[in-house]
$ cat my_file16.cif   # mmCIF, C-alpha atoms
data_data
loop_
_atom_site.group_PDB
_atom_site.id
_atom_site.type_symbol
_atom_site.label_atom_id
_atom_site.label_comp_id
_atom_site.auth_asym_id
_atom_site.auth_seq_id
_atom_site.Cartn_x
_atom_site.Cartn_y
_atom_site.Cartn_z
ATOM 1 C CA MET Z 21 10.606 -13.149 -42.898
ATOM 2 C CA SER Z 22 14.096 -14.538 -43.637
ATOM 3 C CA LYS Z 23 16.657 -12.415 -45.431
ATOM 4 C CA HIS Z 24 16.919 -14.908 -48.303
ATOM 5 C CA PHE Z 25 13.141 -15.123 -48.724
ATOM 6 C CA ALA Z 26 12.994 -11.336 -48.771
ATOM 7 C CA SER Z 27 15.750 -11.142 -51.389
ATOM 8 C CA THR Z 28 14.012 -13.763 -53.542
ATOM 9 C CA LEU Z 29 10.738 -11.853 -53.273
ATOM 10 C CA ALA Z 30 12.519 -8.611 -54.162
ATOM 11 C CA LEU Z 31 14.104 -10.243 -57.201
ATOM 12 C CA ALA Z 32 10.758 -11.617 -58.361
ATOM 13 C CA LEU Z 33 9.194 -8.185 -58.040
ATOM 14 C CA ALA Z 34 12.131 -6.644 -59.873
ATOM 15 C CA LEU Z 35 11.539 -9.010 -62.769
ATOM 16 C CA LEU Z 36 7.820 -8.348 -62.837
ATOM 17 C CA LEU Z 37 8.129 -4.577 -62.560
ATOM 18 C CA PRO Z 38 11.363 -3.575 -64.304
ATOM 19 C CA PHE Z 39 10.115 -0.111 -65.196
ATOM 20 C CA ALA Z 40 8.118 0.686 -62.049
ATOM 21 C CA ALA Z 41 8.481 4.036 -60.313
ATOM 22 C CA GLY Z 42 12.068 4.440 -59.139
ATOM 23 C CA ALA Z 43 13.398 1.655 -61.352
ATOM 24 C CA GLU Z 44 15.489 3.401 -63.965
ATOM 25 C CA SER Z 45 16.652 0.434 -65.981
ATOM 26 C CA LYS Z 46 15.863 -3.154 -66.785
ATOM 27 C CA TYR Z 47 19.523 -3.869 -65.991
ATOM 28 C CA ASP Z 48 19.328 -2.765 -62.341
ATOM 29 C CA PHE Z 49 19.243 -5.402 -59.631
ATOM 30 C CA GLU Z 50 19.986 -6.048 -55.990
ATOM 31 C CA LEU Z 51 21.659 -9.285 -54.951
ATOM 32 C CA TYR Z 52 23.545 -10.483 -51.907
ATOM 33 C CA ASP Z 53 27.285 -10.855 -52.161
ATOM 34 C CA LEU Z 54 29.167 -13.887 -50.865
ATOM 35 C CA ASN Z 55 29.267 -12.305 -47.385
ATOM 36 C CA ASP Z 56 25.469 -11.728 -47.325
ATOM 37 C CA LYS Z 57 25.767 -7.982 -47.918
ATOM 38 C CA LEU Z 58 23.167 -6.502 -50.271
ATOM 39 C CA VAL Z 59 24.732 -5.007 -53.417
ATOM 40 C CA SER Z 60 22.728 -2.635 -55.598
ATOM 41 C CA LEU Z 61 23.701 -2.178 -59.229
ATOM 42 C CA LYS Z 62 21.778 1.104 -59.246
ATOM 43 C CA LYS Z 63 23.944 2.484 -56.414
ATOM 44 C CA THR Z 64 27.108 1.057 -57.956
ATOM 45 C CA ARG Z 65 26.519 2.578 -61.373
ATOM 46 C CA LYS Z 66 25.560 5.979 -59.927
ATOM 47 C CA ALA Z 67 29.026 6.120 -58.363
ATOM 48 C CA ALA Z 68 30.687 4.957 -61.580
ATOM 49 C CA GLN Z 69 31.484 6.139 -65.057
ATOM 50 C CA MET Z 70 31.081 2.547 -66.289
ATOM 51 C CA VAL Z 71 30.254 -0.831 -64.749
ATOM 52 C CA VAL Z 72 31.444 -4.205 -65.986
ATOM 53 C CA ILE Z 73 29.063 -7.053 -65.150
ATOM 54 C CA ASP Z 74 30.507 -10.503 -65.700
ATOM 55 C CA PHE Z 75 28.463 -13.675 -65.305
ATOM 56 C CA PHE Z 76 30.307 -16.567 -63.670
ATOM 57 C CA SER Z 77 29.742 -20.257 -63.010
ATOM 58 C CA SER Z 78 32.159 -22.521 -61.179
ATOM 59 C CA SER Z 79 31.740 -25.126 -63.936
ATOM 60 C CA CYS Z 80 32.809 -22.635 -66.652
ATOM 61 C CA MET Z 81 36.566 -22.904 -67.205
ATOM 62 C CA PRO Z 82 36.783 -19.729 -69.356
ATOM 63 C CA CYS Z 83 34.955 -17.910 -66.530
ATOM 64 C CA LYS Z 84 37.533 -19.114 -64.006
ATOM 65 C CA ARG Z 85 40.457 -18.201 -66.254
ATOM 66 C CA ALA Z 86 39.004 -14.707 -66.721
ATOM 67 C CA ILE Z 87 39.070 -13.746 -63.024
ATOM 68 C CA PRO Z 88 42.759 -12.642 -63.017
ATOM 69 C CA ARG Z 89 41.968 -10.498 -66.079
ATOM 70 C CA TRP Z 90 38.968 -8.912 -64.328
ATOM 71 C CA LYS Z 91 41.260 -8.181 -61.380
ATOM 72 C CA LYS Z 92 43.703 -6.490 -63.760
ATOM 73 C CA ILE Z 93 40.895 -4.442 -65.338
ATOM 74 C CA HIS Z 94 39.730 -3.420 -61.862
ATOM 75 C CA ARG Z 95 43.255 -2.276 -60.929
ATOM 76 C CA ARG Z 96 43.751 -0.525 -64.268
ATOM 77 C CA TRP Z 97 40.478 1.407 -64.408
ATOM 78 C CA SER Z 98 39.102 1.805 -60.882
ATOM 79 C CA TYR Z 99 40.723 5.238 -60.544
ATOM 80 C CA ARG Z 100 38.632 6.283 -63.573
ATOM 81 C CA ARG Z 101 35.456 5.129 -61.779
ATOM 82 C CA VAL Z 102 35.084 1.869 -63.687
ATOM 83 C CA LYS Z 103 33.539 -0.757 -61.411
ATOM 84 C CA VAL Z 104 33.674 -4.532 -61.860
ATOM 85 C CA LEU Z 105 30.874 -6.752 -60.562
ATOM 86 C CA ILE Z 106 30.708 -10.543 -60.876
ATOM 87 C CA VAL Z 107 27.289 -12.237 -60.939
ATOM 88 C CA ALA Z 108 27.758 -15.870 -59.932
ATOM 89 C CA VAL Z 109 25.104 -18.330 -61.069
ATOM 90 C CA PRO Z 110 24.470 -21.955 -60.050
ATOM 91 C CA ASP Z 111 26.289 -24.530 -62.123
ATOM 92 C CA GLY Z 112 23.351 -26.910 -62.185
ATOM 93 C CA GLY Z 113 22.122 -29.337 -59.599
ATOM 94 C CA ASP Z 114 22.148 -28.353 -55.951
ATOM 95 C CA ARG Z 115 22.261 -24.554 -55.476
ATOM 96 C CA ASP Z 116 23.732 -24.759 -51.963
ATOM 97 C CA LYS Z 117 26.630 -26.928 -53.163
ATOM 98 C CA SER Z 118 27.132 -24.567 -56.078
ATOM 99 C CA LEU Z 119 27.311 -21.596 -53.713
ATOM 100 C CA LYS Z 120 29.892 -23.427 -51.572
ATOM 101 C CA ARG Z 121 32.072 -24.038 -54.650
ATOM 102 C CA ILE Z 122 31.775 -20.388 -55.658
ATOM 103 C CA ARG Z 123 32.614 -19.146 -52.151
ATOM 104 C CA SER Z 124 35.630 -21.464 -52.021
ATOM 105 C CA PHE Z 125 36.846 -20.328 -55.434
ATOM 106 C CA PHE Z 126 36.549 -16.614 -54.685
ATOM 107 C CA LYS Z 127 38.047 -16.979 -51.217
ATOM 108 C CA LYS Z 128 41.229 -18.158 -52.949
ATOM 109 C CA GLN Z 129 41.035 -15.420 -55.599
ATOM 110 C CA LYS Z 130 40.803 -12.518 -53.124
ATOM 111 C CA VAL Z 131 39.015 -10.150 -55.492
ATOM 112 C CA ALA Z 132 38.649 -6.469 -54.583
ATOM 113 C CA PHE Z 133 35.241 -6.094 -56.235
ATOM 114 C CA PRO Z 134 31.803 -7.529 -55.396
ATOM 115 C CA VAL Z 135 30.766 -11.053 -56.304
ATOM 116 C CA VAL Z 136 27.002 -11.467 -55.988
ATOM 117 C CA TRP Z 137 24.910 -14.655 -55.972
ATOM 118 C CA ASP Z 138 22.092 -15.031 -58.521
ATOM 119 C CA LYS Z 139 20.623 -18.112 -56.799
ATOM 120 C CA TYR Z 140 17.674 -18.588 -59.160
ATOM 121 C CA THR Z 141 19.369 -17.152 -62.301
ATOM 122 C CA LEU Z 142 16.738 -14.411 -62.471
ATOM 123 C CA ILE Z 143 19.285 -11.741 -63.350
ATOM 124 C CA ALA Z 144 21.024 -14.063 -65.801
ATOM 125 C CA LYS Z 145 17.655 -14.570 -67.527
ATOM 126 C CA ARG Z 146 17.021 -10.827 -67.631
ATOM 127 C CA TYR Z 147 20.403 -10.279 -69.291
ATOM 128 C CA GLY Z 148 19.854 -13.153 -71.734
ATOM 129 C CA VAL Z 149 22.641 -15.277 -70.257
ATOM 130 C CA ALA Z 150 20.324 -18.045 -68.994
ATOM 131 C CA LYS Z 151 18.139 -19.489 -71.704
ATOM 132 C CA LYS Z 152 16.199 -22.666 -72.215
ATOM 133 C CA GLY Z 153 18.767 -25.383 -72.307
ATOM 134 C CA GLY Z 154 21.308 -23.711 -70.051
ATOM 135 C CA LEU Z 155 23.696 -20.845 -69.619
ATOM 136 C CA VAL Z 156 25.543 -18.969 -72.359
ATOM 137 C CA LEU Z 157 28.903 -18.308 -70.708
ATOM 138 C CA PRO Z 158 31.195 -16.481 -70.573
ATOM 139 C CA GLN Z 159 29.285 -13.208 -70.954
ATOM 140 C CA ALA Z 160 30.172 -9.709 -69.797
ATOM 141 C CA PHE Z 161 28.327 -6.415 -70.142
ATOM 142 C CA LEU Z 162 29.591 -2.850 -70.032
ATOM 143 C CA LEU Z 163 27.065 -0.285 -68.808
ATOM 144 C CA ASP Z 164 27.452 3.451 -68.398
ATOM 145 C CA GLY Z 165 26.512 5.326 -65.240
ATOM 146 C CA ARG Z 166 22.944 5.774 -66.499
ATOM 147 C CA SER Z 167 22.627 2.014 -67.106
ATOM 148 C CA LYS Z 168 22.796 2.220 -70.879
ATOM 149 C CA LEU Z 169 24.255 -0.943 -72.378
ATOM 150 C CA LEU Z 170 27.487 0.100 -74.087
ATOM 151 C CA TYR Z 171 28.968 -3.243 -75.027
ATOM 152 C CA ARG Z 172 28.611 -7.005 -74.636
ATOM 153 C CA ALA Z 173 31.453 -9.483 -75.014
ATOM 154 C CA ALA Z 174 32.603 -12.932 -74.015
ATOM 155 C CA ASP Z 175 36.091 -12.005 -72.844
ATOM 156 C CA PRO Z 176 37.804 -9.435 -70.611
ATOM 157 C CA GLN Z 177 40.277 -8.272 -73.272
ATOM 158 C CA THR Z 178 37.484 -7.047 -75.527
ATOM 159 C CA ILE Z 179 35.803 -5.233 -72.632
ATOM 160 C CA ASP Z 180 39.156 -3.703 -71.631
ATOM 161 C CA ARG Z 181 39.694 -2.359 -75.168
ATOM 162 C CA GLU Z 182 36.167 -0.939 -75.188
ATOM 163 C CA ILE Z 183 36.727 0.802 -71.837
ATOM 164 C CA ALA Z 184 39.981 2.289 -73.136
ATOM 165 C CA ARG Z 185 38.279 3.462 -76.334
ATOM 166 C CA ARG Z 186 35.486 5.158 -74.406
ATOM 167 C CA ILE Z 187 37.664 6.780 -71.757
ATOM 168 C CA LYS Z 188 40.233 8.290 -74.093
#
$ encode --input "my_file16.cif" --output "structure tokens"
Amino acid sequence: MSKHFASTLALALALLLPFAAGAESKYDFELYDLNDKLVSLKKTRKAAQMVVIDFFSSSCMPCKRAIPRWKKIHRRWSYRRVKVLIVAVPDGGDRDKSLKRIRSFFKKQKVAFPVVWDKYTLIAKRYGVAKKGGLVLPQAFLLDGRSKLLYRAADPQTIDREIARRIK
């Protein structure tokens, strides 16, 4: 069984059984990063006070412009156990070409946090970012270490203010 088939099967099962034994939250997921390393939100959030999840598409200009701000938030709050995680989604059309554009973009950005690939937009659908008719971007979510949704916003500045409010 190929690694990508296995990950797709795991994602399908995760969508069908979000509250099965061991699954603590409908927000948890496992996706491969751009280097084919499996990233688990459950493991990430257990090591964090808060996790920022930002959805990204290479065709979304506000998403692209936000990356330097997410980098700043990562630098500002990582010592307080705030993790940043980007969920990249296809920008329509060919998924392989979309992944190549995303890899190229993030190779230039040199981010210090994970960027994972939601090939079939299953996680984006679970979070309400992918709906009939397309994607609602930009969208970012702030979760606590127990996976409780704390805040949802369309821009990094609002998330940054919310992190500051909750930490102080």
$ axis_aligned_box --input "my_file16.cif" --around "segment 156-163 of chain Z" --padding-each-side "6 Å" --output "lines of an AutoDock Vina configuration file"
center_x = 28.4
center_y = -9.6
center_z = -70.6
size_x = 17.7
size_y = 30.7
size_z = 15.6
$ residues_near_point --input "my_file16.cif" --point "(21.5, 1.6, -68.1)" --cutoff "9 Å" --atoms "only C-alpha atoms" --output "list of chain:residue names"
Z:Glu44, Z:Ser45, Z:Lys46, Z:Tyr47, Z:Asp48, Z:Lys62, Z:Arg65, Z:Leu163, Z:Asp164, Z:Gly165, Z:Arg166, Z:Ser167, Z:Lys168, Z:Leu169, Z:Leu170
$ write_last_selection --input "my_file16.cif" --atoms "C-alpha atoms" --output "PDB file, in the coordinates of the input"
ATOM      1  CA  GLU Z  44      15.489   3.401 -63.965  1.00  0.00           C
ATOM      2  CA  SER Z  45      16.652   0.434 -65.981  1.00  0.00           C
ATOM      3  CA  LYS Z  46      15.863  -3.154 -66.785  1.00  0.00           C
ATOM      4  CA  TYR Z  47      19.523  -3.869 -65.991  1.00  0.00           C
ATOM      5  CA  ASP Z  48      19.328  -2.765 -62.341  1.00  0.00           C
ATOM      6  CA  LYS Z  62      21.778   1.104 -59.246  1.00  0.00           C
ATOM      7  CA  ARG Z  65      26.519   2.578 -61.373  1.00  0.00           C
ATOM      8  CA  LEU Z 163      27.065  -0.285 -68.808  1.00  0.00           C
ATOM      9  CA  ASP Z 164      27.452   3.451 -68.398  1.00  0.00           C
ATOM     10  CA  GLY Z 165      26.512   5.326 -65.240  1.00  0.00           C
ATOM     11  CA  ARG Z 166      22.944   5.774 -66.499  1.00  0.00           C
ATOM     12  CA  SER Z 167      22.627   2.014 -67.106  1.00  0.00           C
ATOM     13  CA  LYS Z 168      22.796   2.220 -70.879  1.00  0.00           C
ATOM     14  CA  LEU Z 169      24.255  -0.943 -72.378  1.00  0.00           C
ATOM     15  CA  LEU Z 170      27.487   0.100 -74.087  1.00  0.00           C
TER      16      LEU Z 170
END
$ closest_residue --input "my_file16.cif" --among "Z:Lys130, Z:Arg181, Z:Lys151, Z:Arg146" --to "Pro88 of chain Z" --atoms "all atoms listed in the file"
Z:Lys130
$ atom_distance --input "my_file16.cif" --atom1 "atom CA of Ala173 of chain Z" --atom2 "atom CA of Asn55 of chain Z"
27.9 Å
$ closest_residue --input "my_file16.cif" --among "Z:Phe126, Z:Phe161, Z:Tyr140, Z:Trp90" --to "Gly112 of chain Z" --atoms "only C-alpha atoms"
Z:Tyr140
$ resolve_selection --input "my_file16.cif" --expression "the PyMOL selection byres ((chain Z and resi 109) around 8)" --output "list in words"
Phe75, Phe76, Ser77, Val107, Ala108, Pro110, Asp111, Trp137, Asp138, Lys139, Tyr140, Thr141 and Ala144 of chain Z
$ resolve_selection --input "my_file16.cif" --expression "the PyMOL selection byres ((chain Z and resi 131) around 10)" --output "list of chain:residue names"
Z:Ile87, Z:Pro88, Z:Trp90, Z:Lys91, Z:His94, Z:Ile106, Z:Phe126, Z:Lys127, Z:Lys128, Z:Gln129, Z:Lys130, Z:Ala132, Z:Phe133, Z:Pro134, Z:Val135
$ atom_distance --input "my_file16.cif" --atom1 "atom CA of Leu61 of chain Z" --atom2 "atom CA of Arg172 of chain Z"
16.9 Å
$ resolve_selection --input "my_file16.cif" --expression "the PyMOL selection byres ((chain Z and resi 155-159) around 6)" --output "list in words"
Phe75, Cys83, Val149, Ala150, Gly154, Ala160, Ala173 and Ala174 of chain Z
$ build_atoms --input "my_file16.cif" --residues "segment 152-187 of chain Z" --atoms "N, CA and C atoms" --output "PDB file, in the frame of the given file"
ATOM      1  N   LYS Z 152      16.623 -21.264 -72.226  1.00  0.00           N
ATOM      2  CA  LYS Z 152      16.199 -22.666 -72.215  1.00  0.00           C
ATOM      3  C   LYS Z 152      17.364 -23.512 -72.702  1.00  0.00           C
ATOM      4  N   GLY Z 153      17.663 -24.518 -71.927  1.00  0.00           N
ATOM      5  CA  GLY Z 153      18.767 -25.383 -72.307  1.00  0.00           C
ATOM      6  C   GLY Z 153      20.057 -25.066 -71.583  1.00  0.00           C
ATOM      7  N   GLY Z 154      20.103 -23.971 -70.836  1.00  0.00           N
ATOM      8  CA  GLY Z 154      21.308 -23.711 -70.051  1.00  0.00           C
ATOM      9  C   GLY Z 154      21.794 -22.284 -70.099  1.00  0.00           C
ATOM     10  N   LEU Z 155      23.044 -22.146 -69.705  1.00  0.00           N
ATOM     11  CA  LEU Z 155      23.696 -20.845 -69.619  1.00  0.00           C
ATOM     12  C   LEU Z 155      24.573 -20.615 -70.848  1.00  0.00           C
ATOM     13  N   VAL Z 156      24.654 -19.364 -71.274  1.00  0.00           N
ATOM     14  CA  VAL Z 156      25.543 -18.969 -72.359  1.00  0.00           C
ATOM     15  C   VAL Z 156      26.679 -18.191 -71.703  1.00  0.00           C
ATOM     16  N   LEU Z 157      27.767 -18.899 -71.402  1.00  0.00           N
ATOM     17  CA  LEU Z 157      28.903 -18.308 -70.708  1.00  0.00           C
ATOM     18  C   LEU Z 157      30.173 -18.570 -71.497  1.00  0.00           C
ATOM     19  N   PRO Z 158      31.156 -17.709 -71.359  1.00  0.00           N
ATOM     20  CA  PRO Z 158      31.195 -16.481 -70.573  1.00  0.00           C
ATOM     21  C   PRO Z 158      30.449 -15.338 -71.268  1.00  0.00           C
ATOM     22  N   GLN Z 159      29.979 -14.406 -70.462  1.00  0.00           N
ATOM     23  CA  GLN Z 159      29.285 -13.208 -70.954  1.00  0.00           C
ATOM     24  C   GLN Z 159      29.595 -12.049 -70.008  1.00  0.00           C
ATOM     25  N   ALA Z 160      29.931 -10.915 -70.580  1.00  0.00           N
ATOM     26  CA  ALA Z 160      30.172  -9.709 -69.797  1.00  0.00           C
ATOM     27  C   ALA Z 160      29.484  -8.531 -70.483  1.00  0.00           C
ATOM     28  N   PHE Z 161      29.061  -7.587 -69.670  1.00  0.00           N
ATOM     29  CA  PHE Z 161      28.327  -6.415 -70.142  1.00  0.00           C
ATOM     30  C   PHE Z 161      29.013  -5.170 -69.612  1.00  0.00           C
ATOM     31  N   LEU Z 162      29.059  -4.144 -70.430  1.00  0.00           N
ATOM     32  CA  LEU Z 162      29.591  -2.850 -70.032  1.00  0.00           C
ATOM     33  C   LEU Z 162      28.445  -1.856 -70.076  1.00  0.00           C
ATOM     34  N   LEU Z 163      28.134  -1.277 -68.919  1.00  0.00           N
ATOM     35  CA  LEU Z 163      27.065  -0.285 -68.808  1.00  0.00           C
ATOM     36  C   LEU Z 163      27.670   1.055 -68.437  1.00  0.00           C
ATOM     37  N   ASP Z 164      27.010   2.134 -68.858  1.00  0.00           N
ATOM     38  CA  ASP Z 164      27.452   3.451 -68.398  1.00  0.00           C
ATOM     39  C   ASP Z 164      26.769   3.779 -67.075  1.00  0.00           C
ATOM     40  N   GLY Z 165      27.060   4.923 -66.529  1.00  0.00           N
ATOM     41  CA  GLY Z 165      26.512   5.326 -65.240  1.00  0.00           C
ATOM     42  C   GLY Z 165      25.009   5.517 -65.229  1.00  0.00           C
ATOM     43  N   ARG Z 166      24.400   5.638 -66.401  1.00  0.00           N
ATOM     44  CA  ARG Z 166      22.944   5.774 -66.499  1.00  0.00           C
ATOM     45  C   ARG Z 166      22.284   4.445 -66.836  1.00  0.00           C
ATOM     46  N   SER Z 167      23.082   3.383 -66.859  1.00  0.00           N
ATOM     47  CA  SER Z 167      22.627   2.014 -67.106  1.00  0.00           C
ATOM     48  C   SER Z 167      22.325   1.734 -68.569  1.00  0.00           C
ATOM     49  N   LYS Z 168      22.916   2.502 -69.450  1.00  0.00           N
ATOM     50  CA  LYS Z 168      22.796   2.220 -70.879  1.00  0.00           C
ATOM     51  C   LYS Z 168      23.815   1.132 -71.224  1.00  0.00           C
ATOM     52  N   LEU Z 169      23.354   0.119 -71.939  1.00  0.00           N
ATOM     53  CA  LEU Z 169      24.255  -0.943 -72.378  1.00  0.00           C
ATOM     54  C   LEU Z 169      25.189  -0.374 -73.444  1.00  0.00           C
ATOM     55  N   LEU Z 170      26.487  -0.413 -73.153  1.00  0.00           N
ATOM     56  CA  LEU Z 170      27.487   0.100 -74.087  1.00  0.00           C
ATOM     57  C   LEU Z 170      28.092  -1.006 -74.937  1.00  0.00           C
ATOM     58  N   TYR Z 171      28.258  -2.183 -74.326  1.00  0.00           N
ATOM     59  CA  TYR Z 171      28.968  -3.243 -75.027  1.00  0.00           C
ATOM     60  C   TYR Z 171      28.696  -4.578 -74.356  1.00  0.00           C
ATOM     61  N   ARG Z 172      28.768  -5.645 -75.136  1.00  0.00           N
ATOM     62  CA  ARG Z 172      28.611  -7.005 -74.636  1.00  0.00           C
ATOM     63  C   ARG Z 172      29.699  -7.852 -75.285  1.00  0.00           C
ATOM     64  N   ALA Z 173      30.372  -8.661 -74.473  1.00  0.00           N
ATOM     65  CA  ALA Z 173      31.453  -9.483 -75.014  1.00  0.00           C
ATOM     66  C   ALA Z 173      31.601 -10.753 -74.191  1.00  0.00           C
ATOM     67  N   ALA Z 174      32.381 -11.667 -74.707  1.00  0.00           N
ATOM     68  CA  ALA Z 174      32.603 -12.932 -74.015  1.00  0.00           C
ATOM     69  C   ALA Z 174      33.956 -12.972 -73.315  1.00  0.00           C
ATOM     70  N   ASP Z 175      34.764 -11.939 -73.453  1.00  0.00           N
ATOM     71  CA  ASP Z 175      36.091 -12.005 -72.844  1.00  0.00           C
ATOM     72  C   ASP Z 175      36.519 -10.648 -72.281  1.00  0.00           C
ATOM     73  N   PRO Z 176      37.350 -10.683 -71.242  1.00  0.00           N
ATOM     74  CA  PRO Z 176      37.804  -9.435 -70.611  1.00  0.00           C
ATOM     75  C   PRO Z 176      38.624  -8.531 -71.523  1.00  0.00           C
ATOM     76  N   GLN Z 177      39.432  -9.104 -72.410  1.00  0.00           N
ATOM     77  CA  GLN Z 177      40.277  -8.272 -73.272  1.00  0.00           C
ATOM     78  C   GLN Z 177      39.441  -7.346 -74.146  1.00  0.00           C
ATOM     79  N   THR Z 178      38.342  -7.863 -74.680  1.00  0.00           N
ATOM     80  CA  THR Z 178      37.484  -7.047 -75.527  1.00  0.00           C
ATOM     81  C   THR Z 178      36.831  -5.929 -74.712  1.00  0.00           C
ATOM     82  N   ILE Z 179      36.389  -6.251 -73.512  1.00  0.00           N
ATOM     83  CA  ILE Z 179      35.803  -5.233 -72.632  1.00  0.00           C
ATOM     84  C   ILE Z 179      36.858  -4.191 -72.277  1.00  0.00           C
ATOM     85  N   ASP Z 180      38.074  -4.626 -71.969  1.00  0.00           N
ATOM     86  CA  ASP Z 180      39.156  -3.703 -71.631  1.00  0.00           C
ATOM     87  C   ASP Z 180      39.425  -2.729 -72.776  1.00  0.00           C
ATOM     88  N   ARG Z 181      39.477  -3.239 -74.004  1.00  0.00           N
ATOM     89  CA  ARG Z 181      39.694  -2.359 -75.168  1.00  0.00           C
ATOM     90  C   ARG Z 181      38.543  -1.363 -75.322  1.00  0.00           C
ATOM     91  N   GLU Z 182      37.328  -1.830 -75.066  1.00  0.00           N
ATOM     92  CA  GLU Z 182      36.167  -0.939 -75.188  1.00  0.00           C
ATOM     93  C   GLU Z 182      36.195   0.153 -74.118  1.00  0.00           C
ATOM     94  N   ILE Z 183      36.586  -0.208 -72.905  1.00  0.00           N
ATOM     95  CA  ILE Z 183      36.727   0.802 -71.837  1.00  0.00           C
ATOM     96  C   ILE Z 183      37.768   1.839 -72.257  1.00  0.00           C
ATOM     97  N   ALA Z 184      38.919   1.373 -72.717  1.00  0.00           N
ATOM     98  CA  ALA Z 184      39.981   2.289 -73.136  1.00  0.00           C
ATOM     99  C   ALA Z 184      39.506   3.203 -74.261  1.00  0.00           C
ATOM    100  N   ARG Z 185      38.793   2.656 -75.213  1.00  0.00           N
ATOM    101  CA  ARG Z 185      38.279   3.462 -76.334  1.00  0.00           C
ATOM    102  C   ARG Z 185      37.325   4.540 -75.846  1.00  0.00           C
ATOM    103  N   ARG Z 186      36.498   4.214 -74.891  1.00  0.00           N
ATOM    104  CA  ARG Z 186      35.486   5.158 -74.406  1.00  0.00           C
ATOM    105  C   ARG Z 186      36.049   6.186 -73.428  1.00  0.00           C
ATOM    106  N   ILE Z 187      37.093   5.837 -72.735  1.00  0.00           N
ATOM    107  CA  ILE Z 187      37.664   6.780 -71.757  1.00  0.00           C
ATOM    108  C   ILE Z 187      38.573   7.784 -72.438  1.00  0.00           C
TER     109      ILE Z 187
END
